[in-house]
>>> print(open('final-v7.txt').read())   # compact mmCIF, N, CA and C atoms
# COMPACT_ATOMS: atom_id res chain seq x y z
N MET A 1 0.84 -1.19 0.00
CA MET A 1 0.00 0.00 0.00
C MET A 1 0.88 1.24 0.00
N THR A 2 0.40 2.23 -0.62
CA THR A 2 1.15 3.48 -0.65
C THR A 2 0.78 4.31 0.55
N ARG A 3 1.74 5.15 0.92
CA ARG A 3 1.48 6.03 2.06
C ARG A 3 0.35 6.98 1.71
N GLY A 4 -0.47 7.27 2.72
CA GLY A 4 -1.56 8.20 2.51
C GLY A 4 -2.86 7.51 2.11
N SER A 5 -2.81 6.21 1.82
CA SER A 5 -4.03 5.47 1.48
C SER A 5 -4.84 5.22 2.74
N THR A 6 -6.10 5.29 2.62
CA THR A 6 -6.97 5.00 3.77
C THR A 6 -7.63 3.65 3.55
N GLY A 7 -8.00 3.01 4.65
CA GLY A 7 -8.65 1.71 4.56
C GLY A 7 -8.00 0.73 5.53
N PHE A 8 -8.49 -0.49 5.50
CA PHE A 8 -8.00 -1.52 6.41
C PHE A 8 -7.20 -2.55 5.64
N THR A 9 -6.23 -3.11 6.32
CA THR A 9 -5.48 -4.20 5.71
C THR A 9 -6.27 -5.48 5.88
N LEU A 10 -5.89 -6.50 5.16
CA LEU A 10 -6.56 -7.79 5.24
C LEU A 10 -6.48 -8.37 6.65
N ILE A 11 -5.36 -8.22 7.30
CA ILE A 11 -5.18 -8.73 8.67
C ILE A 11 -6.15 -8.03 9.62
N GLU A 12 -6.29 -6.74 9.51
CA GLU A 12 -7.20 -5.99 10.38
C GLU A 12 -8.64 -6.46 10.19
N VAL A 13 -9.03 -6.70 8.97
CA VAL A 13 -10.39 -7.17 8.68
C VAL A 13 -10.59 -8.56 9.26
N MET A 14 -9.60 -9.45 9.12
CA MET A 14 -9.72 -10.81 9.64
C MET A 14 -9.80 -10.82 11.17
N VAL A 15 -9.03 -9.96 11.82
CA VAL A 15 -9.08 -9.88 13.29
C VAL A 15 -10.46 -9.37 13.72
N ALA A 16 -10.98 -8.38 13.04
CA ALA A 16 -12.30 -7.84 13.37
C ALA A 16 -13.38 -8.91 13.19
N LEU A 17 -13.31 -9.69 12.13
CA LEU A 17 -14.28 -10.76 11.91
C LEU A 17 -14.16 -11.85 12.97
N ALA A 18 -12.94 -12.16 13.39
CA ALA A 18 -12.75 -13.16 14.45
C ALA A 18 -13.38 -12.68 15.76
N VAL A 19 -13.19 -11.42 16.09
CA VAL A 19 -13.79 -10.86 17.31
C VAL A 19 -15.31 -10.92 17.23
N ILE A 20 -15.86 -10.56 16.10
CA ILE A 20 -17.32 -10.59 15.93
C ILE A 20 -17.83 -12.03 16.02
N ALA A 21 -17.11 -12.99 15.43
CA ALA A 21 -17.54 -14.39 15.49
C ALA A 21 -17.54 -14.91 16.92
N ILE A 22 -16.53 -14.56 17.69
CA ILE A 22 -16.47 -14.99 19.10
C ILE A 22 -17.62 -14.38 19.89
N ALA A 23 -17.88 -13.10 19.66
CA ALA A 23 -18.98 -12.42 20.37
C ALA A 23 -20.33 -13.04 20.00
N MET A 24 -20.52 -13.37 18.73
CA MET A 24 -21.78 -13.98 18.30
C MET A 24 -21.95 -15.38 18.91
N ALA A 25 -20.87 -16.14 18.98
CA ALA A 25 -20.95 -17.48 19.59
C ALA A 25 -21.35 -17.37 21.07
N ALA A 26 -20.77 -16.41 21.77
CA ALA A 26 -21.11 -16.21 23.18
C ALA A 26 -22.57 -15.79 23.33
N LEU A 27 -23.05 -14.94 22.44
CA LEU A 27 -24.45 -14.50 22.48
C LEU A 27 -25.40 -15.67 22.22
N ILE A 28 -25.07 -16.52 21.27
CA ILE A 28 -25.92 -17.68 20.98
C ILE A 28 -25.95 -18.63 22.16
N MET A 29 -24.80 -18.85 22.80
CA MET A 29 -24.77 -19.73 23.98
C MET A 29 -25.60 -19.14 25.12
N ALA A 30 -25.50 -17.83 25.34
CA ALA A 30 -26.27 -17.20 26.41
C ALA A 30 -27.77 -17.31 26.13
N THR A 31 -28.17 -17.14 24.89
CA THR A 31 -29.58 -17.27 24.52
C THR A 31 -30.06 -18.70 24.76
N GLY A 32 -29.23 -19.67 24.42
CA GLY A 32 -29.59 -21.08 24.65
C GLY A 32 -29.76 -21.38 26.13
N HIS A 33 -28.86 -20.85 26.96
CA HIS A 33 -28.98 -21.06 28.41
C HIS A 33 -30.24 -20.39 28.95
N ALA A 34 -30.57 -19.21 28.44
CA ALA A 34 -31.78 -18.52 28.89
C ALA A 34 -33.03 -19.32 28.53
N ALA A 35 -33.04 -19.92 27.35
CA ALA A 35 -34.18 -20.74 26.94
C ALA A 35 -34.29 -21.98 27.83
N ASP A 36 -33.16 -22.61 28.14
CA ASP A 36 -33.16 -23.78 29.04
C ASP A 36 -33.69 -23.40 30.42
N ASP A 37 -33.24 -22.24 30.91
CA ASP A 37 -33.70 -21.78 32.23
C ASP A 37 -35.20 -21.52 32.23
N ALA A 38 -35.71 -20.95 31.15
CA ALA A 38 -37.15 -20.68 31.07
C ALA A 38 -37.95 -21.98 31.09
N LEU A 39 -37.49 -23.00 30.38
CA LEU A 39 -38.18 -24.29 30.39
C LEU A 39 -38.12 -24.93 31.77
N TYR A 40 -36.97 -24.83 32.43
CA TYR A 40 -36.82 -25.38 33.78
C TYR A 40 -37.79 -24.69 34.74
N LEU A 41 -37.86 -23.36 34.67
CA LEU A 41 -38.77 -22.63 35.56
C LEU A 41 -40.23 -22.96 35.28
N GLN A 42 -40.58 -23.13 34.01
CA GLN A 42 -41.95 -23.49 33.67
C GLN A 42 -42.29 -24.87 34.24
N ARG A 43 -41.40 -25.83 34.05
CA ARG A 43 -41.63 -27.19 34.55
C ARG A 43 -41.75 -27.18 36.07
N ARG A 44 -40.88 -26.45 36.73
CA ARG A 44 -40.90 -26.41 38.19
C ARG A 44 -42.17 -25.70 38.71
N THR A 45 -42.58 -24.65 38.05
CA THR A 45 -43.79 -23.93 38.45
C THR A 45 -45.02 -24.82 38.32
N LEU A 46 -45.15 -25.51 37.19
CA LEU A 46 -46.30 -26.39 36.99
C LEU A 46 -46.31 -27.52 38.03
N ALA A 47 -45.16 -28.10 38.30
CA ALA A 47 -45.07 -29.17 39.29
C ALA A 47 -45.44 -28.66 40.68
N THR A 48 -45.01 -27.45 41.01
CA THR A 48 -45.35 -26.87 42.32
C THR A 48 -46.85 -26.64 42.43
N TRP A 49 -47.48 -26.19 41.35
CA TRP A 49 -48.94 -25.99 41.36
C TRP A 49 -49.66 -27.31 41.62
N ILE A 50 -49.19 -28.38 41.01
CA ILE A 50 -49.84 -29.68 41.21
C ILE A 50 -49.68 -30.14 42.65
N ALA A 51 -48.48 -29.97 43.21
CA ALA A 51 -48.25 -30.37 44.61
C ALA A 51 -49.12 -29.54 45.55
N ALA A 52 -49.19 -28.23 45.32
CA ALA A 52 -50.02 -27.36 46.16
C ALA A 52 -51.49 -27.73 46.02
N ASP A 53 -51.91 -28.08 44.81
CA ASP A 53 -53.29 -28.48 44.56
C ASP A 53 -53.62 -29.76 45.33
N ARG A 54 -52.70 -30.71 45.35
CA ARG A 54 -52.94 -31.96 46.08
C ARG A 54 -53.07 -31.70 47.58
N LEU A 55 -52.21 -30.84 48.13
CA LEU A 55 -52.30 -30.51 49.56
C LEU A 55 -53.61 -29.78 49.86
N ALA A 56 -54.03 -28.89 48.95
CA ALA A 56 -55.30 -28.18 49.14
C ALA A 56 -56.47 -29.16 49.09
N GLU A 57 -56.39 -30.14 48.20
CA GLU A 57 -57.44 -31.15 48.11
C GLU A 57 -57.55 -31.93 49.42
N LEU A 58 -56.44 -32.30 50.00
CA LEU A 58 -56.46 -33.01 51.30
C LEU A 58 -57.10 -32.14 52.38
N ARG A 59 -56.75 -30.85 52.38
CA ARG A 59 -57.31 -29.94 53.39
C ARG A 59 -58.81 -29.76 53.21
N LEU A 60 -59.24 -29.56 51.96
CA LEU A 60 -60.66 -29.33 51.70
C LEU A 60 -61.50 -30.55 52.01
N ARG A 61 -60.96 -31.73 51.78
CA ARG A 61 -61.69 -32.96 52.10
C ARG A 61 -61.52 -33.35 53.56
N ARG A 62 -60.77 -32.56 54.28
CA ARG A 62 -60.48 -32.81 55.70
C ARG A 62 -59.90 -34.21 55.91
N LEU A 63 -59.02 -34.57 54.98
CA LEU A 63 -58.34 -35.86 55.08
C LEU A 63 -57.03 -35.67 55.84
N SER A 64 -56.73 -36.57 56.72
CA SER A 64 -55.47 -36.53 57.45
C SER A 64 -54.83 -37.91 57.33
N PRO A 65 -53.91 -38.06 56.38
CA PRO A 65 -53.30 -39.37 56.19
C PRO A 65 -52.55 -39.82 57.44
N GLY A 66 -52.59 -41.10 57.70
CA GLY A 66 -51.87 -41.64 58.85
C GLY A 66 -50.38 -41.75 58.55
N PRO A 67 -49.55 -41.69 59.59
CA PRO A 67 -48.10 -41.83 59.38
C PRO A 67 -47.79 -43.14 58.67
N GLY A 68 -46.90 -43.08 57.71
CA GLY A 68 -46.52 -44.27 56.96
C GLY A 68 -47.37 -44.52 55.72
N SER A 69 -48.48 -43.79 55.58
CA SER A 69 -49.34 -44.02 54.40
C SER A 69 -48.72 -43.37 53.17
N ARG A 70 -49.03 -43.94 52.02
CA ARG A 70 -48.54 -43.44 50.74
C ARG A 70 -49.69 -43.44 49.75
N ASP A 71 -49.61 -42.52 48.80
CA ASP A 71 -50.60 -42.44 47.74
C ASP A 71 -49.89 -41.85 46.51
N SER A 72 -50.45 -42.08 45.35
CA SER A 72 -49.89 -41.50 44.14
C SER A 72 -50.98 -41.41 43.08
N GLY A 73 -50.71 -40.63 42.08
CA GLY A 73 -51.65 -40.47 40.99
C GLY A 73 -51.03 -39.68 39.87
N GLU A 74 -51.80 -39.49 38.82
CA GLU A 74 -51.34 -38.70 37.68
C GLU A 74 -52.32 -37.58 37.41
N ARG A 75 -51.78 -36.52 36.84
CA ARG A 75 -52.60 -35.37 36.51
C ARG A 75 -52.01 -34.70 35.28
N GLU A 76 -52.87 -34.11 34.48
CA GLU A 76 -52.40 -33.37 33.31
C GLU A 76 -52.56 -31.88 33.57
N LEU A 77 -51.53 -31.14 33.26
CA LEU A 77 -51.57 -29.69 33.40
C LEU A 77 -50.74 -29.09 32.27
N ALA A 78 -51.30 -28.14 31.57
CA ALA A 78 -50.64 -27.46 30.45
C ALA A 78 -50.21 -28.45 29.37
N GLY A 79 -51.04 -29.47 29.15
CA GLY A 79 -50.76 -30.44 28.11
C GLY A 79 -49.66 -31.44 28.44
N VAL A 80 -49.24 -31.49 29.71
CA VAL A 80 -48.17 -32.39 30.14
C VAL A 80 -48.70 -33.30 31.23
N ARG A 81 -48.36 -34.59 31.16
CA ARG A 81 -48.73 -35.54 32.21
C ARG A 81 -47.71 -35.45 33.34
N TRP A 82 -48.22 -35.43 34.56
CA TRP A 82 -47.38 -35.37 35.75
C TRP A 82 -47.78 -36.50 36.69
N GLN A 83 -46.84 -36.98 37.45
CA GLN A 83 -47.13 -37.97 38.48
C GLN A 83 -46.84 -37.33 39.84
N TRP A 84 -47.82 -37.44 40.74
CA TRP A 84 -47.59 -36.95 42.10
C TRP A 84 -47.49 -38.15 43.03
N ARG A 85 -46.66 -38.01 44.04
CA ARG A 85 -46.46 -39.04 45.06
C ARG A 85 -46.60 -38.37 46.42
N GLN A 86 -47.37 -38.99 47.26
CA GLN A 86 -47.65 -38.43 48.59
C GLN A 86 -47.19 -39.43 49.64
N ALA A 87 -46.49 -38.93 50.63
CA ALA A 87 -46.04 -39.78 51.74
C ALA A 87 -46.30 -39.04 53.05
N ALA A 88 -46.83 -39.76 54.03
CA ALA A 88 -47.09 -39.17 55.34
C ALA A 88 -46.15 -39.81 56.35
N GLN A 89 -45.68 -38.99 57.27
CA GLN A 89 -44.81 -39.49 58.32
C GLN A 89 -45.05 -38.70 59.59
N ALA A 90 -44.60 -39.26 60.70
CA ALA A 90 -44.78 -38.59 61.98
C ALA A 90 -44.01 -37.27 61.99
N SER A 91 -44.56 -36.30 62.68
CA SER A 91 -43.87 -35.02 62.82
C SER A 91 -43.34 -34.91 64.25
N PRO A 92 -42.48 -33.94 64.52
CA PRO A 92 -41.98 -33.77 65.89
C PRO A 92 -43.10 -33.52 66.91
N ASP A 93 -44.19 -32.91 66.45
CA ASP A 93 -45.34 -32.69 67.33
C ASP A 93 -46.30 -33.86 67.15
N PRO A 94 -46.59 -34.62 68.19
CA PRO A 94 -47.43 -35.81 68.03
C PRO A 94 -48.87 -35.50 67.60
N ALA A 95 -49.29 -34.26 67.68
CA ALA A 95 -50.65 -33.91 67.27
C ALA A 95 -50.77 -33.74 65.75
N PHE A 96 -49.64 -33.79 65.05
CA PHE A 96 -49.66 -33.54 63.60
C PHE A 96 -48.97 -34.66 62.83
N VAL A 97 -49.35 -34.76 61.57
CA VAL A 97 -48.72 -35.68 60.61
C VAL A 97 -48.09 -34.81 59.53
N GLN A 98 -46.89 -35.14 59.14
CA GLN A 98 -46.18 -34.42 58.09
C GLN A 98 -46.47 -35.10 56.76
N VAL A 99 -47.00 -34.35 55.80
CA VAL A 99 -47.33 -34.89 54.48
C VAL A 99 -46.42 -34.23 53.45
N ILE A 100 -45.75 -35.06 52.66
CA ILE A 100 -44.85 -34.58 51.61
C ILE A 100 -45.42 -35.01 50.27
N VAL A 101 -45.58 -34.04 49.37
CA VAL A 101 -46.06 -34.33 48.01
C VAL A 101 -44.93 -33.99 47.04
N SER A 102 -44.53 -34.97 46.25
CA SER A 102 -43.49 -34.80 45.23
C SER A 102 -44.14 -34.96 43.86
N VAL A 103 -43.72 -34.13 42.91
CA VAL A 103 -44.30 -34.17 41.57
C VAL A 103 -43.17 -34.22 40.55
N GLY A 104 -43.34 -35.09 39.56
CA GLY A 104 -42.34 -35.21 38.50
C GLY A 104 -42.94 -35.88 37.29
N PRO A 105 -42.12 -36.12 36.28
CA PRO A 105 -42.62 -36.79 35.08
C PRO A 105 -42.93 -38.25 35.36
N PRO A 106 -44.00 -38.80 34.76
CA PRO A 106 -44.37 -40.19 35.04
C PRO A 106 -43.35 -41.21 34.54
N ASP A 107 -42.57 -40.85 33.53
CA ASP A 107 -41.60 -41.81 32.99
C ASP A 107 -40.33 -41.91 33.84
N ARG A 108 -40.14 -40.96 34.78
CA ARG A 108 -38.98 -41.01 35.68
C ARG A 108 -39.44 -40.76 37.11
N PRO A 109 -39.97 -41.78 37.77
CA PRO A 109 -40.55 -41.58 39.10
C PRO A 109 -39.55 -41.14 40.17
N GLN A 110 -38.27 -41.41 39.98
CA GLN A 110 -37.29 -41.01 40.98
C GLN A 110 -36.97 -39.51 40.90
N ARG A 111 -37.34 -38.86 39.81
CA ARG A 111 -37.06 -37.44 39.65
C ARG A 111 -38.22 -36.62 40.20
N SER A 112 -37.89 -35.56 40.90
CA SER A 112 -38.92 -34.70 41.48
C SER A 112 -38.65 -33.26 41.06
N ASP A 113 -39.60 -32.66 40.32
CA ASP A 113 -39.47 -31.27 39.92
C ASP A 113 -39.95 -30.32 41.01
N ALA A 114 -40.80 -30.80 41.89
CA ALA A 114 -41.28 -29.99 43.01
C ALA A 114 -41.58 -30.91 44.18
N ARG A 115 -41.41 -30.36 45.36
CA ARG A 115 -41.66 -31.12 46.59
C ARG A 115 -42.16 -30.15 47.65
N LEU A 116 -43.37 -30.38 48.13
CA LEU A 116 -43.96 -29.52 49.16
C LEU A 116 -44.27 -30.35 50.40
N LEU A 117 -44.17 -29.71 51.53
CA LEU A 117 -44.41 -30.35 52.82
C LEU A 117 -45.47 -29.55 53.56
N ALA A 118 -46.39 -30.25 54.22
CA ALA A 118 -47.43 -29.59 55.02
C ALA A 118 -47.71 -30.43 56.25
N LEU A 119 -48.21 -29.78 57.28
CA LEU A 119 -48.60 -30.47 58.50
C LEU A 119 -50.12 -30.55 58.56
N PHE A 120 -50.62 -31.73 58.92
CA PHE A 120 -52.06 -31.96 59.06
C PHE A 120 -52.32 -32.47 60.47
N PRO A 121 -53.46 -32.09 61.06
CA PRO A 121 -53.78 -32.63 62.39
C PRO A 121 -53.95 -34.14 62.31
N ARG A 122 -53.39 -34.83 63.26
CA ARG A 122 -53.51 -36.29 63.30
C ARG A 122 -54.96 -36.64 63.59
N SER A 123 -55.47 -37.66 62.95
CA SER A 123 -56.85 -38.11 63.19
C SER A 123 -57.03 -38.43 64.66
N GLY A 124 -58.07 -37.88 65.25
CA GLY A 124 -58.35 -38.13 66.66
C GLY A 124 -57.60 -37.22 67.61
N ALA A 125 -56.75 -36.32 67.09
CA ALA A 125 -55.99 -35.42 67.98
C ALA A 125 -56.90 -34.30 68.46
N GLN A 126 -56.67 -33.85 69.68
CA GLN A 126 -57.44 -32.73 70.24
C GLN A 126 -57.01 -31.44 69.56
N ARG A 127 -57.99 -30.60 69.24
CA ARG A 127 -57.68 -29.31 68.60
C ARG A 127 -57.96 -28.19 69.55
>>> encode(input="final-v7.txt", output="structure tokens")
Amino acid sequence: MTRGSTGFTLIEVMVALAVIAIAMAALIMATGHAADDALYLQRRTLATWIAADRLAELRLRRLSPGPGSRDSGERELAGVRWQWRQAAQASPDPAFVQVIVSVGPPDRPQRSDARLLALFPRSGAQR
């Protein structure tokens, strides 16, 4: 190049393109992580609603599961099938039973997307 010419050399253009490519790759990865996080939060929110709904159902029916009892079922919410599992156990206060409801996908029963705990009066306990 002659002195006094304006413009960029080939090396300068290649370095600029490399910087832009790296920045775009980072942006795409961040967008992917944000989408994954949104799906995780949606799944967890729906599972929490189902667990809360099951506990509310027990309260409204005035059911108090006995310690050691278990129950399970399936429910559909937002077009997705969910499996809930309920387990009752003794609580530190003998007048109450601790009920834990776990919710997850039916194809993987060991996985729990939400887990809620509530205390219910033990059947026959003085109030």
>>> select_by_dssp(input="final-v7.txt", residues="chain A", states="strand (DSSP E)", output="PyMOL selection string")
chain A and resi 70-77+80-90+96-104+114-121
>>> residues_around(input="final-v7.txt", residues="stretch 41-46 of chain A", least_positions_apart="5", cutoff="8 Å", atoms="only C-alpha atoms", output="ChimeraX atom specification")
/A:77-78,113-114
>>> atom_distance(input="final-v7.txt", atom1="atom CA of A:Ala30", atom2="atom CA of A:Val15")
22.8 Å
>>> closest_residue(input="final-v7.txt", among="A:Ala18, A:Ile50, A:Val97, A:Met24", to="A:Gly66", atoms="all atoms listed in the file")
A:Val97
>>> atom_distance(input="final-v7.txt", atom1="atom C of A:Ala56", atom2="atom CA of A:Glu76")
16.8 Å
>>> atom_distance(input="final-v7.txt", atom1="atom CA of A:Val99", atom2="atom CA of A:Glu57")
12.5 Å
>>> residues_around(input="final-v7.txt", residues="stretch 87-95 of chain A", least_positions_apart="5", cutoff="7 Å", atoms="all atoms listed in the file", output="list in words")
Pro65, Gly66, Pro67, Gly68, Ser69, Arg70, Asp71, Ile100, Val101, Ser102, Phe120, Pro121, Arg122, Ser123, Ala125 and Gln126 of chain A
>>> select_by_dssp(input="final-v7.txt", residues="stretch 30-105 of chain A", states="alpha helix (DSSP H)", output="mmCIF file with N, CA and C atoms, keeping the file's coordinate frame")
data_model
loop_
_atom_site.group_PDB
_atom_site.id
_atom_site.type_symbol
_atom_site.label_atom_id
_atom_site.label_comp_id
_atom_site.auth_asym_id
_atom_site.auth_seq_id
_atom_site.Cartn_x
_atom_site.Cartn_y
_atom_site.Cartn_z
ATOM 1 N N ALA A 30 -25.500 -17.830 25.340
ATOM 2 C CA ALA A 30 -26.270 -17.200 26.410
ATOM 3 C C ALA A 30 -27.770 -17.310 26.130
ATOM 4 N N THR A 31 -28.170 -17.140 24.890
ATOM 5 C CA THR A 31 -29.580 -17.270 24.520
ATOM 6 C C THR A 31 -30.060 -18.700 24.760
ATOM 7 N N GLY A 32 -29.230 -19.670 24.420
ATOM 8 C CA GLY A 32 -29.590 -21.080 24.650
ATOM 9 C C GLY A 32 -29.760 -21.380 26.130
ATOM 10 N N HIS A 33 -28.860 -20.850 26.960
ATOM 11 C CA HIS A 33 -28.980 -21.060 28.410
ATOM 12 C C HIS A 33 -30.240 -20.390 28.950
ATOM 13 N N ALA A 34 -30.570 -19.210 28.440
ATOM 14 C CA ALA A 34 -31.780 -18.520 28.890
ATOM 15 C C ALA A 34 -33.030 -19.320 28.530
ATOM 16 N N ALA A 35 -33.040 -19.920 27.350
ATOM 17 C CA ALA A 35 -34.180 -20.740 26.940
ATOM 18 C C ALA A 35 -34.290 -21.980 27.830
ATOM 19 N N ASP A 36 -33.160 -22.610 28.140
ATOM 20 C CA ASP A 36 -33.160 -23.780 29.040
ATOM 21 C C ASP A 36 -33.690 -23.400 30.420
ATOM 22 N N ASP A 37 -33.240 -22.240 30.910
ATOM 23 C CA ASP A 37 -33.700 -21.780 32.230
ATOM 24 C C ASP A 37 -35.200 -21.520 32.230
ATOM 25 N N ALA A 38 -35.710 -20.950 31.150
ATOM 26 C CA ALA A 38 -37.150 -20.680 31.070
ATOM 27 C C ALA A 38 -37.950 -21.980 31.090
ATOM 28 N N LEU A 39 -37.490 -23.000 30.380
ATOM 29 C CA LEU A 39 -38.180 -24.290 30.390
ATOM 30 C C LEU A 39 -38.120 -24.930 31.770
ATOM 31 N N TYR A 40 -36.970 -24.830 32.430
ATOM 32 C CA TYR A 40 -36.820 -25.380 33.780
ATOM 33 C C TYR A 40 -37.790 -24.690 34.740
ATOM 34 N N LEU A 41 -37.860 -23.360 34.670
ATOM 35 C CA LEU A 41 -38.770 -22.630 35.560
ATOM 36 C C LEU A 41 -40.230 -22.960 35.280
ATOM 37 N N GLN A 42 -40.580 -23.130 34.010
ATOM 38 C CA GLN A 42 -41.950 -23.490 33.670
ATOM 39 C C GLN A 42 -42.290 -24.870 34.240
ATOM 40 N N ARG A 43 -41.400 -25.830 34.050
ATOM 41 C CA ARG A 43 -41.630 -27.190 34.550
ATOM 42 C C ARG A 43 -41.750 -27.180 36.070
ATOM 43 N N ARG A 44 -40.880 -26.450 36.730
ATOM 44 C CA ARG A 44 -40.900 -26.410 38.190
ATOM 45 C C ARG A 44 -42.170 -25.700 38.710
ATOM 46 N N THR A 45 -42.580 -24.650 38.050
ATOM 47 C CA THR A 45 -43.790 -23.930 38.450
ATOM 48 C C THR A 45 -45.020 -24.820 38.320
ATOM 49 N N LEU A 46 -45.150 -25.510 37.190
ATOM 50 C CA LEU A 46 -46.300 -26.390 36.990
ATOM 51 C C LEU A 46 -46.310 -27.520 38.030
ATOM 52 N N ALA A 47 -45.160 -28.100 38.300
ATOM 53 C CA ALA A 47 -45.070 -29.170 39.290
ATOM 54 C C ALA A 47 -45.440 -28.660 40.680
ATOM 55 N N THR A 48 -45.010 -27.450 41.010
ATOM 56 C CA THR A 48 -45.350 -26.870 42.320
ATOM 57 C C THR A 48 -46.850 -26.640 42.430
ATOM 58 N N TRP A 49 -47.480 -26.190 41.350
ATOM 59 C CA TRP A 49 -48.940 -25.990 41.360
ATOM 60 C C TRP A 49 -49.660 -27.310 41.620
ATOM 61 N N ILE A 50 -49.190 -28.380 41.010
ATOM 62 C CA ILE A 50 -49.840 -29.680 41.210
ATOM 63 C C ILE A 50 -49.680 -30.140 42.650
ATOM 64 N N ALA A 51 -48.480 -29.970 43.210
ATOM 65 C CA ALA A 51 -48.250 -30.370 44.610
ATOM 66 C C ALA A 51 -49.120 -29.540 45.550
ATOM 67 N N ALA A 52 -49.190 -28.230 45.320
ATOM 68 C CA ALA A 52 -50.020 -27.360 46.160
ATOM 69 C C ALA A 52 -51.490 -27.730 46.020
ATOM 70 N N ASP A 53 -51.910 -28.080 44.810
ATOM 71 C CA ASP A 53 -53.290 -28.480 44.560
ATOM 72 C C ASP A 53 -53.620 -29.760 45.330
ATOM 73 N N ARG A 54 -52.700 -30.710 45.350
ATOM 74 C CA ARG A 54 -52.940 -31.960 46.080
ATOM 75 C C ARG A 54 -53.070 -31.700 47.580
ATOM 76 N N LEU A 55 -52.210 -30.840 48.130
ATOM 77 C CA LEU A 55 -52.300 -30.510 49.560
ATOM 78 C C LEU A 55 -53.610 -29.780 49.860
ATOM 79 N N ALA A 56 -54.030 -28.890 48.950
ATOM 80 C CA ALA A 56 -55.300 -28.180 49.140
ATOM 81 C C ALA A 56 -56.470 -29.160 49.090
ATOM 82 N N GLU A 57 -56.390 -30.140 48.200
ATOM 83 C CA GLU A 57 -57.440 -31.150 48.110
ATOM 84 C C GLU A 57 -57.550 -31.930 49.420
ATOM 85 N N LEU A 58 -56.440 -32.300 50.000
ATOM 86 C CA LEU A 58 -56.460 -33.010 51.300
ATOM 87 C C LEU A 58 -57.100 -32.140 52.380
ATOM 88 N N ARG A 59 -56.750 -30.850 52.380
ATOM 89 C CA ARG A 59 -57.310 -29.940 53.390
ATOM 90 C C ARG A 59 -58.810 -29.760 53.210
ATOM 91 N N LEU A 60 -59.240 -29.560 51.960
ATOM 92 C CA LEU A 60 -60.660 -29.330 51.700
ATOM 93 C C LEU A 60 -61.500 -30.550 52.010
#
>>> residues_around(input="final-v7.txt", residues="A:Pro105", least_positions_apart="5", cutoff="7 Å", atoms="only C-alpha atoms", output="list in words")
Arg81, Trp82 and Gln83 of chain A
>>> axis_aligned_box(input="final-v7.txt", around="stretch 20-37 of chain A", padding_each_side="4 Å", output="JSON")
{"center_x": -25.5, "center_y": -17.2, "center_z": 23.8, "size_x": 27.3, "size_y": 21.2, "size_z": 24.8}
